Number of protein chains: 2
Amino acid sequence: MDGTKLSANSGVALWRQIALALEEEIARGSLGPGARLPTEIELAKRFSVNRHTVRRAVASLSEAGKLRVEQGRGTFVPEEILHFPLTERTRFTQIVEDGRRHPHREILATEIVKADETIAANLQLRKGAKVLRIESLSFVDDRPISLSVSYFPAARFPDLGPAIGETLSVTEALRRYGIDDYRRKSTKITAQMPNQEQSRHLRLAPNRPLLQTEKVDIDLDGEPIEYGISGFAGDRVELTIDMERLTDHP
Amino acid sequence: MDGTKLSANSGVALWRQIALALEEEIARGSLGPGARLPTEIELAKRFSVNRHTVRRAVASLSEAGKLRVEQGRGTFVPEEILHFPLTERTRFTQIVEDGRRHPHREILATEIVKADETIAANLQLRKGAKVLRIESLSFVDDRPISLSVSYFPAARFPDLGPAIGETLSVTEALRRYGIDDYRRKSTKITAQMPNQEQSRHLRLAPNRPLLQTEKVDIDLDGEPIEYGISGFAGDRVELTIDMERLTDHP
DNA sequence: TAGAATTTGTTCGTATGTATG
DNA sequence: CCATACATACGAACAAATTCT
């Protein structure tokens with residue numbers, strides 16, 4: 001039951017020994033990312049100390065970002081954070097493969113709808129024009145990362161829906177229409193709370209935040225190709241903008 | 001008590017009439033940004049309809065982003081959103097003045113501390129080196145927008161603390177040390193939930209998300225000047241990255 | 001900090017009007 | 001005229017989140 005021995009009067013405070021013990025369990029992987037720690041009471045029993053002593057250890061690790069405490073839910077090992085570099089040529093599939101990770105996308109729905117004002121403005125269409133709406137869920141190493149809704153001009157890309165369904169890659173599918181290259185025009189970033197659908201798909205506690213991006217991709221002539229809104233699991237991603245490399249073209 | 005008349009059998013569904021009435025009140029300003037609507041029961045009484053009918057109207061406006069509903073708290077008119085363009089030369093004071101808004105910064109604390117690993121790495125100092133820590137709260141039009149902690153190398157900028165206290169502008173204060181220009185090297189963006197201090201300072205409900213940015217500013221020789229972490233009230237800001245203008249130097 | 005009060009969310013059931021074929 | 005499907009509207013009860021005392 002125990003396995004970890006603390007030594008009193010060793011010159012190292014008990015709570016520090018506990019913190020070190022927990023840190024080691026995390027490093028060893030016996031407490032993996034996302035894992036929930038035993039309750040404070042259980043830990044206190046296991047280390048044969050008062051609950052306050054455990055709390056002191058947890059507080060220290062929590063300040064250092066090595067644990068995440070949620071009132072009423074428990075204490076958790078923070079999930080591994082994925083770094084998404086935002087560049088003019090951001091591609092989901094590329095981003096992740098660089099880091100020896102395995103990206104994967106699931107298409108949840110494709111349909112033709114009429115553009116509302118926002119969609120029309122971003123795609124430079126008239127309001128009411130037909131657009132292809134694609135809802136998709138992206139995974140990295142089988143962890144859900146983002147839930148996206150994208151809009152494409154339906155007139156310019158007929159049957160893009162099935163094409164994306166086959167290739168599971170926007171980049172690939174667009175090639176069939178002669179788009180060999182495109183680039184990110186703009187990105188807007190906000191923080192939101194997830195709705196029920198989002199927290200379900202992203203397997204996210206409903207009180208955890210969402211990092212929401214709104215982007216417009218354009219072809220080399222500057223014509224808008226895609227307007228997309230993605231919600232990222234806030235705990236699992238960090239968007240990074242490297243101002244120096246941002247517009248370096250290959 | 002009433003003031004708004006609904007007409008049955010007019011060919012327009014009751015809930016649509018209610019939605020239009022509420023939308024107009026928002027447009028007129030009698031329901032200003034951030035305002036809380038009467039409860040569903042009160043609205044039902046006022047319009048002499050069932051609570052479901054009110055809910056249908058609110059759901060419609062909520063989907064369109066014109067209302068924000070929070071379980072247990074109420075229904076609110078979304079706050080006006082501030083757009084923060086992220087560029088290589090982002091300056092808080094400049095950003096906002098362009099839009100005829102009034103920025104304002106409050107210094108909460110300045111002290112000399114020793115750099116931990118993260119701070120040292122970002123400022124390219126050795127761990128334990130002295131750094132100036134500045135905690136500040138930024139306002140726009142007297143609304144609290146962001147709570148920031150910044151670190152500067154103390155050796156290079158002695159007495160920067162008082163200088164910023166006087167000028168209330170980092171740009172101004174740095175000029176005293178011969179720094180006429182500096183630029184943003186990188187920005188990292190995450191979504192977090194606020195801690196008690198953050199929600200208090202930002203006057204943010206504790207269940208509303210925080211948009212957190214981590215930035216490094218460098219001088220023209222590439223030497224790190226400032227490492228800063230800012231928490232933005234997620235409801236009140238949107239960060240925008242214009243890929244095309246990002247590195248256009250004046 | 002424990003429980004009451006408030007407010008929105010969900011799910012039943014019922015009834016009516018309207019468009020379609 | 002009938003059958004069906006769908007949107008609209010009302011009523012009641014309970015669940016869940018938040019706030020207040």
# chains A, B, ... in the order shown; residues from 1 in each chain; ligands from 1
call {"tool": "residues_around", "arguments": {"residues": "DT11 in chain C", "least_positions_apart": "6", "cutoff": "12 Å", "atoms": "only C-alpha atoms (C1' of nucleotides)", "output": "PDB file with all heavy atoms, in the first residue's frame"}}
result
ATOM      1  P    DA D  12     -49.822  24.639 -14.400  1.00  0.00           P
ATOM      2  OP1  DA D  12     -51.019  24.459 -13.563  1.00  0.00           O
ATOM      3  OP2  DA D  12     -48.995  25.855 -14.316  1.00  0.00           O
ATOM      4  O5'  DA D  12     -48.863  23.382 -14.171  1.00  0.00           O
ATOM      5  C5'  DA D  12     -49.296  22.085 -14.588  1.00  0.00           C
ATOM      6  C4'  DA D  12     -48.187  21.102 -14.308  1.00  0.00           C
ATOM      7  O4'  DA D  12     -47.203  21.158 -15.366  1.00  0.00           O
ATOM      8  C3'  DA D  12     -47.431  21.361 -12.998  1.00  0.00           C
ATOM      9  O3'  DA D  12     -47.365  20.171 -12.250  1.00  0.00           O
ATOM     10  C2'  DA D  12     -46.075  21.855 -13.453  1.00  0.00           C
ATOM     11  C1'  DA D  12     -45.910  21.151 -14.800  1.00  0.00           C
ATOM     12  N9   DA D  12     -44.999  21.822 -15.726  1.00  0.00           N
ATOM     13  C8   DA D  12     -44.945  23.165 -16.015  1.00  0.00           C
ATOM     14  N7   DA D  12     -44.024  23.494 -16.879  1.00  0.00           N
ATOM     15  C5   DA D  12     -43.425  22.277 -17.188  1.00  0.00           C
ATOM     16  C6   DA D  12     -42.358  21.946 -18.040  1.00  0.00           C
ATOM     17  N6   DA D  12     -41.704  22.833 -18.784  1.00  0.00           N
ATOM     18  N1   DA D  12     -42.005  20.639 -18.117  1.00  0.00           N
ATOM     19  C2   DA D  12     -42.673  19.754 -17.383  1.00  0.00           C
ATOM     20  N3   DA D  12     -43.689  19.945 -16.533  1.00  0.00           N
ATOM     21  C4   DA D  12     -44.007  21.242 -16.483  1.00  0.00           C
ATOM     22  P    DA D  13     -46.926  20.184 -10.695  1.00  0.00           P
ATOM     23  OP1  DA D  13     -47.947  19.402  -9.980  1.00  0.00           O
ATOM     24  OP2  DA D  13     -46.615  21.573 -10.307  1.00  0.00           O
ATOM     25  O5'  DA D  13     -45.563  19.363 -10.684  1.00  0.00           O
ATOM     26  C5'  DA D  13     -45.473  18.155 -11.453  1.00  0.00           C
ATOM     27  C4'  DA D  13     -44.036  17.913 -11.789  1.00  0.00           C
ATOM     28  O4'  DA D  13     -43.596  18.839 -12.797  1.00  0.00           O
ATOM     29  C3'  DA D  13     -43.079  18.088 -10.601  1.00  0.00           C
ATOM     30  O3'  DA D  13     -42.509  16.845 -10.271  1.00  0.00           O
ATOM     31  C2'  DA D  13     -42.043  19.098 -11.106  1.00  0.00           C
ATOM     32  C1'  DA D  13     -42.205  19.035 -12.613  1.00  0.00           C
ATOM     33  N9   DA D  13     -41.811  20.254 -13.321  1.00  0.00           N
ATOM     34  C8   DA D  13     -42.265  21.535 -13.109  1.00  0.00           C
ATOM     35  N7   DA D  13     -41.719  22.425 -13.906  1.00  0.00           N
ATOM     36  C5   DA D  13     -40.844  21.682 -14.685  1.00  0.00           C
ATOM     37  C6   DA D  13     -39.960  22.031 -15.717  1.00  0.00           C
ATOM     38  N6   DA D  13     -39.809  23.293 -16.152  1.00  0.00           N
ATOM     39  N1   DA D  13     -39.228  21.047 -16.284  1.00  0.00           N
ATOM     40  C2   DA D  13     -39.397  19.800 -15.836  1.00  0.00           C
ATOM     41  N3   DA D  13     -40.203  19.340 -14.869  1.00  0.00           N
ATOM     42  C4   DA D  13     -40.892  20.341 -14.335  1.00  0.00           C
ATOM     43  P    DC D  14     -41.646  16.692  -8.925  1.00  0.00           P
ATOM     44  OP1  DC D  14     -41.929  15.348  -8.402  1.00  0.00           O
ATOM     45  OP2  DC D  14     -41.835  17.897  -8.103  1.00  0.00           O
ATOM     46  O5'  DC D  14     -40.155  16.685  -9.482  1.00  0.00           O
ATOM     47  C5'  DC D  14     -39.838  15.828 -10.587  1.00  0.00           C
ATOM     48  C4'  DC D  14     -38.569  16.298 -11.232  1.00  0.00           C
ATOM     49  O4'  DC D  14     -38.770  17.579 -11.863  1.00  0.00           O
ATOM     50  C3'  DC D  14     -37.394  16.495 -10.260  1.00  0.00           C
ATOM     51  O3'  DC D  14     -36.288  15.759 -10.755  1.00  0.00           O
ATOM     52  C2'  DC D  14     -37.127  18.000 -10.308  1.00  0.00           C
ATOM     53  C1'  DC D  14     -37.577  18.313 -11.729  1.00  0.00           C
ATOM     54  N1   DC D  14     -37.837  19.742 -12.014  1.00  0.00           N
ATOM     55  C2   DC D  14     -37.233  20.321 -13.132  1.00  0.00           C
ATOM     56  O2   DC D  14     -36.510  19.622 -13.846  1.00  0.00           O
ATOM     57  N3   DC D  14     -37.452  21.639 -13.402  1.00  0.00           N
ATOM     58  C4   DC D  14     -38.250  22.356 -12.604  1.00  0.00           C
ATOM     59  N4   DC D  14     -38.441  23.632 -12.919  1.00  0.00           N
ATOM     60  C5   DC D  14     -38.877  21.779 -11.473  1.00  0.00           C
ATOM     61  C6   DC D  14     -38.649  20.487 -11.210  1.00  0.00           C
ATOM     62  P    DA D  15     -34.985  15.531  -9.828  1.00  0.00           P
ATOM     63  OP1  DA D  15     -34.796  14.075  -9.696  1.00  0.00           O
ATOM     64  OP2  DA D  15     -35.084  16.399  -8.638  1.00  0.00           O
ATOM     65  O5'  DA D  15     -33.831  16.083 -10.759  1.00  0.00           O
ATOM     66  C5'  DA D  15     -33.861  15.825 -12.155  1.00  0.00           C
ATOM     67  C4'  DA D  15     -32.750  16.596 -12.844  1.00  0.00           C
ATOM     68  O4'  DA D  15     -33.194  17.942 -13.137  1.00  0.00           O
ATOM     69  C3'  DA D  15     -31.471  16.739 -12.024  1.00  0.00           C
ATOM     70  O3'  DA D  15     -30.372  16.610 -12.895  1.00  0.00           O
ATOM     71  C2'  DA D  15     -31.580  18.145 -11.437  1.00  0.00           C
ATOM     72  C1'  DA D  15     -32.322  18.883 -12.549  1.00  0.00           C
ATOM     73  N9   DA D  15     -33.149  20.010 -12.112  1.00  0.00           N
ATOM     74  C8   DA D  15     -34.139  19.996 -11.177  1.00  0.00           C
ATOM     75  N7   DA D  15     -34.730  21.157 -11.009  1.00  0.00           N
ATOM     76  C5   DA D  15     -34.090  21.985 -11.911  1.00  0.00           C
ATOM     77  C6   DA D  15     -34.254  23.353 -12.227  1.00  0.00           C
ATOM     78  N6   DA D  15     -35.159  24.136 -11.642  1.00  0.00           N
ATOM     79  N1   DA D  15     -33.447  23.876 -13.171  1.00  0.00           N
ATOM     80  C2   DA D  15     -32.543  23.071 -13.748  1.00  0.00           C
ATOM     81  N3   DA D  15     -32.296  21.776 -13.540  1.00  0.00           N
ATOM     82  C4   DA D  15     -33.117  21.294 -12.593  1.00  0.00           C
TER      83       DA D  15
END
call {"tool": "interface_residues", "arguments": {"of": "chain C", "to": "chain B", "cutoff": "12 Å", "atoms": "only C-alpha atoms (C1' of nucleotides)", "output": "PyMOL selection string"}}
result
chain C and resi 5-10+17-18
call {"tool": "closest_atom_pairs", "arguments": {"of": "chain B", "to": "chain D", "cutoff": "12 Å", "atoms": "only C-alpha atoms (C1' of nucleotides)", "output": "JSON lines"}}
result
{"residue": "B:Ala8", "atom": "CA", "partner": "D:DA9", "partner_atom": "C1'", "distance": 11.0}
{"residue": "B:Asn9", "atom": "CA", "partner": "D:DT8", "partner_atom": "C1'", "distance": 11.1}
{"residue": "B:Gly11", "atom": "CA", "partner": "D:DT8", "partner_atom": "C1'", "distance": 11.5}
{"residue": "B:Val12", "atom": "CA", "partner": "D:DT8", "partner_atom": "C1'", "distance": 10.5}
{"residue": "B:Ala13", "atom": "CA", "partner": "D:DT8", "partner_atom": "C1'", "distance": 7.2}
{"residue": "B:Leu14", "atom": "CA", "partner": "D:DT8", "partner_atom": "C1'", "distance": 8.4}
{"residue": "B:Trp15", "atom": "CA", "partner": "D:DT8", "partner_atom": "C1'", "distance": 8.8}
{"residue": "B:Arg16", "atom": "CA", "partner": "D:DT8", "partner_atom": "C1'", "distance": 10.9}
{"residue": "B:Ala44", "atom": "CA", "partner": "D:DC10", "partner_atom": "C1'", "distance": 11.6}
{"residue": "B:Ser48", "atom": "CA", "partner": "D:DC10", "partner_atom": "C1'", "distance": 11.3}
{"residue": "B:Val49", "atom": "CA", "partner": "D:DC10", "partner_atom": "C1'", "distance": 8.2}
{"residue": "B:Asn50", "atom": "CA", "partner": "D:DC10", "partner_atom": "C1'", "distance": 6.0}
{"residue": "B:Arg51", "atom": "CA", "partner": "D:DC10", "partner_atom": "C1'", "distance": 8.7}
{"residue": "B:His52", "atom": "CA", "partner": "D:DA9", "partner_atom": "C1'", "distance": 8.0}
{"residue": "B:Thr53", "atom": "CA", "partner": "D:DA9", "partner_atom": "C1'", "distance": 7.0}
{"residue": "B:Val54", "atom": "CA", "partner": "D:DA9", "partner_atom": "C1'", "distance": 10.7}
{"residue": "B:Arg55", "atom": "CA", "partner": "D:DA9", "partner_atom": "C1'", "distance": 11.8}
{"residue": "B:Arg56", "atom": "CA", "partner": "D:DT8", "partner_atom": "C1'", "distance": 10.3}
{"residue": "B:Glu70", "atom": "CA", "partner": "D:DA17", "partner_atom": "C1'", "distance": 8.8}
{"residue": "B:Gln71", "atom": "CA", "partner": "D:DA17", "partner_atom": "C1'", "distance": 5.8}
{"residue": "B:Gly72", "atom": "CA", "partner": "D:DT18", "partner_atom": "C1'", "distance": 4.7}
{"residue": "B:Arg73", "atom": "CA", "partner": "D:DT18", "partner_atom": "C1'", "distance": 5.9}
{"residue": "B:Gly74", "atom": "CA", "partner": "D:DT18", "partner_atom": "C1'", "distance": 9.5}
{"residue": "B:Ala205", "atom": "CA", "partner": "D:DT18", "partner_atom": "C1'", "distance": 10.8}
{"residue": "B:Pro206", "atom": "CA", "partner": "D:DT18", "partner_atom": "C1'", "distance": 10.8}
{"residue": "B:Asn207", "atom": "CA", "partner": "D:DT18", "partner_atom": "C1'", "distance": 10.1}
call {"tool": "interface_residues", "arguments": {"of": "chain B", "to": "chain A", "cutoff": "9 Å", "atoms": "only C-alpha atoms", "output": "tab-separated table (two decimals) with C-alpha atoms, in the first residue's frame"}}
result
chain	number	residue	atom	x	y	z
B	83	HIS	CA	-9.76	43.98	-30.97
B	85	PRO	CA	-3.99	43.35	-33.34
B	87	THR	CA	2.10	42.71	-34.55
B	88	GLU	CA	5.82	42.86	-34.15
B	184	ARG	CA	7.88	41.44	-30.15
B	185	LYS	CA	9.84	38.26	-30.62
B	186	SER	CA	7.21	35.66	-29.87
B	187	THR	CA	3.76	35.25	-28.38
B	188	LYS	CA	2.21	32.15	-26.88
B	189	ILE	CA	-1.51	31.99	-26.33
B	190	THR	CA	-3.52	29.72	-24.07
B	191	ALA	CA	-6.95	29.68	-22.46
B	192	GLN	CA	-7.16	29.42	-18.68
B	193	MET	CA	-9.68	29.83	-15.92
B	207	ASN	CA	-16.61	30.91	-14.51
B	208	ARG	CA	-15.61	33.09	-17.45
B	209	PRO	CA	-12.42	32.20	-19.28
B	210	LEU	CA	-9.13	34.02	-19.49
B	211	LEU	CA	-7.10	34.52	-22.64
B	212	GLN	CA	-3.50	34.29	-21.52
B	233	ALA	CA	-10.82	39.08	-19.85
B	234	GLY	CA	-11.88	36.55	-22.45
B	235	ASP	CA	-15.29	38.14	-22.93
B	237	VAL	CA	-11.04	40.94	-26.11
B	238	GLU	CA	-10.21	39.28	-29.37
B	239	LEU	CA	-6.64	38.96	-30.53
B	240	THR	CA	-6.24	39.34	-34.26
B	241	ILE	CA	-3.29	38.35	-36.34
B	242	ASP	CA	-3.14	39.81	-39.76
B	243	MET	CA	-0.63	37.60	-41.50
B	244	GLU	CA	-0.13	40.06	-44.31
B	246	LEU	CA	2.45	41.42	-39.50
B	247	THR	CA	6.00	42.20	-40.47
call {"tool": "select_by_dssp", "arguments": {"residues": "range 98-159 of chain A", "states": "helix (DSSP H, G or I)", "output": "PyMOL selection string"}}
result
chain A and resi 117-123
call {"tool": "residues_around", "arguments": {"residues": "range 154-165 of chain A", "least_positions_apart": "2", "cutoff": "10 Å", "atoms": "only C-alpha atoms (C1' of nucleotides)", "output": "compact mmCIF listing (two decimals) with N, CA, C and O atoms, in the first residue's frame"}}
result
# COMPACT_ATOMS: atom_id res chain seq x y z
N ARG A 105 -8.09 13.03 -38.59
CA ARG A 105 -9.27 13.90 -38.63
C ARG A 105 -10.52 13.09 -38.93
O ARG A 105 -10.52 12.21 -39.78
N GLU A 106 -11.58 13.43 -38.24
CA GLU A 106 -12.86 12.76 -38.43
C GLU A 106 -13.85 13.78 -38.97
O GLU A 106 -14.00 14.85 -38.40
N ILE A 107 -14.52 13.42 -40.06
CA ILE A 107 -15.54 14.33 -40.60
C ILE A 107 -16.86 14.01 -39.94
O ILE A 107 -17.35 12.88 -40.04
N LEU A 108 -17.45 14.97 -39.27
CA LEU A 108 -18.70 14.71 -38.56
C LEU A 108 -19.92 14.99 -39.43
O LEU A 108 -20.93 14.33 -39.30
N ALA A 109 -19.80 15.98 -40.32
CA ALA A 109 -20.95 16.32 -41.16
C ALA A 109 -20.50 17.20 -42.32
O ALA A 109 -19.59 18.01 -42.19
N THR A 110 -21.13 17.00 -43.47
CA THR A 110 -20.93 17.94 -44.57
C THR A 110 -22.30 18.25 -45.15
O THR A 110 -23.12 17.35 -45.32
N GLU A 111 -22.53 19.51 -45.44
CA GLU A 111 -23.82 19.90 -46.01
C GLU A 111 -23.68 21.23 -46.74
O GLU A 111 -22.75 21.98 -46.49
N ILE A 112 -24.63 21.46 -47.63
CA ILE A 112 -24.67 22.74 -48.32
C ILE A 112 -25.64 23.65 -47.58
O ILE A 112 -26.78 23.25 -47.32
N VAL A 113 -25.20 24.83 -47.20
CA VAL A 113 -26.09 25.77 -46.52
C VAL A 113 -25.95 27.14 -47.18
O VAL A 113 -25.09 27.35 -48.03
N LYS A 114 -26.81 28.05 -46.77
CA LYS A 114 -26.73 29.41 -47.30
C LYS A 114 -25.87 30.26 -46.37
O LYS A 114 -26.00 30.17 -45.15
N ALA A 129 -25.52 33.09 -50.58
CA ALA A 129 -24.81 32.23 -51.53
C ALA A 129 -24.60 30.86 -50.92
O ALA A 129 -24.49 30.72 -49.70
N LYS A 130 -24.56 29.83 -51.76
CA LYS A 130 -24.39 28.49 -51.24
C LYS A 130 -22.94 28.24 -50.82
O LYS A 130 -22.00 28.56 -51.56
N VAL A 131 -22.81 27.70 -49.63
CA VAL A 131 -21.48 27.35 -49.13
C VAL A 131 -21.51 25.92 -48.59
O VAL A 131 -22.53 25.44 -48.13
N LEU A 132 -20.34 25.28 -48.69
CA LEU A 132 -20.21 23.93 -48.13
C LEU A 132 -19.77 24.06 -46.69
O LEU A 132 -18.77 24.70 -46.38
N ARG A 133 -20.54 23.45 -45.80
CA ARG A 133 -20.23 23.50 -44.37
C ARG A 133 -19.68 22.14 -43.95
O ARG A 133 -20.31 21.11 -44.18
N ILE A 134 -18.51 22.14 -43.37
CA ILE A 134 -17.89 20.89 -42.92
C ILE A 134 -17.58 20.97 -41.44
O ILE A 134 -16.92 21.90 -40.98
N TYR A 151 -16.22 26.64 -43.81
CA TYR A 151 -17.09 26.98 -44.92
C TYR A 151 -16.27 27.23 -46.19
O TYR A 151 -15.25 27.93 -46.13
N PHE A 152 -16.72 26.64 -47.29
CA PHE A 152 -16.07 26.84 -48.58
C PHE A 152 -17.12 27.32 -49.58
O PHE A 152 -18.28 26.91 -49.49
N THR A 167 -10.08 11.96 -48.84
CA THR A 167 -8.67 12.23 -48.54
C THR A 167 -8.44 12.57 -47.07
O THR A 167 -7.33 12.44 -46.57
N LEU A 168 -9.51 13.02 -46.39
CA LEU A 168 -9.39 13.48 -45.00
C LEU A 168 -8.39 14.60 -44.87
O LEU A 168 -7.85 14.84 -43.79
N SER A 169 -8.12 15.27 -45.97
CA SER A 169 -7.16 16.37 -45.91
C SER A 169 -7.67 17.49 -46.80
O SER A 169 -7.97 17.28 -47.98
N VAL A 170 -7.80 18.66 -46.25
CA VAL A 170 -8.26 19.80 -47.01
C VAL A 170 -7.26 20.13 -48.11
O VAL A 170 -7.62 20.36 -49.27
N THR A 171 -6.00 20.10 -47.74
CA THR A 171 -4.93 20.41 -48.70
C THR A 171 -5.02 19.50 -49.92
O THR A 171 -4.97 19.96 -51.07
N GLU A 172 -5.16 18.20 -49.67
CA GLU A 172 -5.26 17.22 -50.75
C GLU A 172 -6.48 17.48 -51.63
O GLU A 172 -6.40 17.50 -52.86
N ALA A 173 -7.62 17.65 -50.97
CA ALA A 173 -8.88 17.81 -51.69
C ALA A 173 -8.84 19.05 -52.58
O ALA A 173 -9.33 19.04 -53.71
N LEU A 174 -8.23 20.11 -52.09
CA LEU A 174 -8.19 21.36 -52.86
C LEU A 174 -7.32 21.22 -54.10
O LEU A 174 -7.53 21.91 -55.10
N ARG A 176 -7.39 18.93 -56.15
CA ARG A 176 -8.23 18.48 -57.26
C ARG A 176 -8.87 19.63 -58.01
O ARG A 176 -9.40 19.47 -59.10
N TYR A 177 -8.91 20.79 -57.38
CA TYR A 177 -9.50 21.96 -58.03
C TYR A 177 -8.40 22.92 -58.48
O TYR A 177 -8.64 24.09 -58.73
N ILE A 225 -10.76 31.14 -49.77
CA ILE A 225 -11.06 29.74 -50.03
C ILE A 225 -11.86 29.13 -48.90
O ILE A 225 -12.83 28.43 -49.09
call {"tool": "atom_distance", "arguments": {"atom1": "CA of Glu63 in chain B", "atom2": "CA of Thr118 in chain A"}}
result
13.2 Å
call {"tool": "residues_around", "arguments": {"residues": "Gln124 in chain B", "least_positions_apart": "3", "cutoff": "12 Å", "atoms": "only C-alpha atoms (C1' of nucleotides)", "output": "PyMOL selection string"}}
result
chain B and resi 115-121+127-129+131+151-153+216-218+222-227
call {"tool": "atom_distance", "arguments": {"atom1": "CA of Ser138 in chain B", "atom2": "CA of Pro103 in chain B"}}
result
7.3 Å
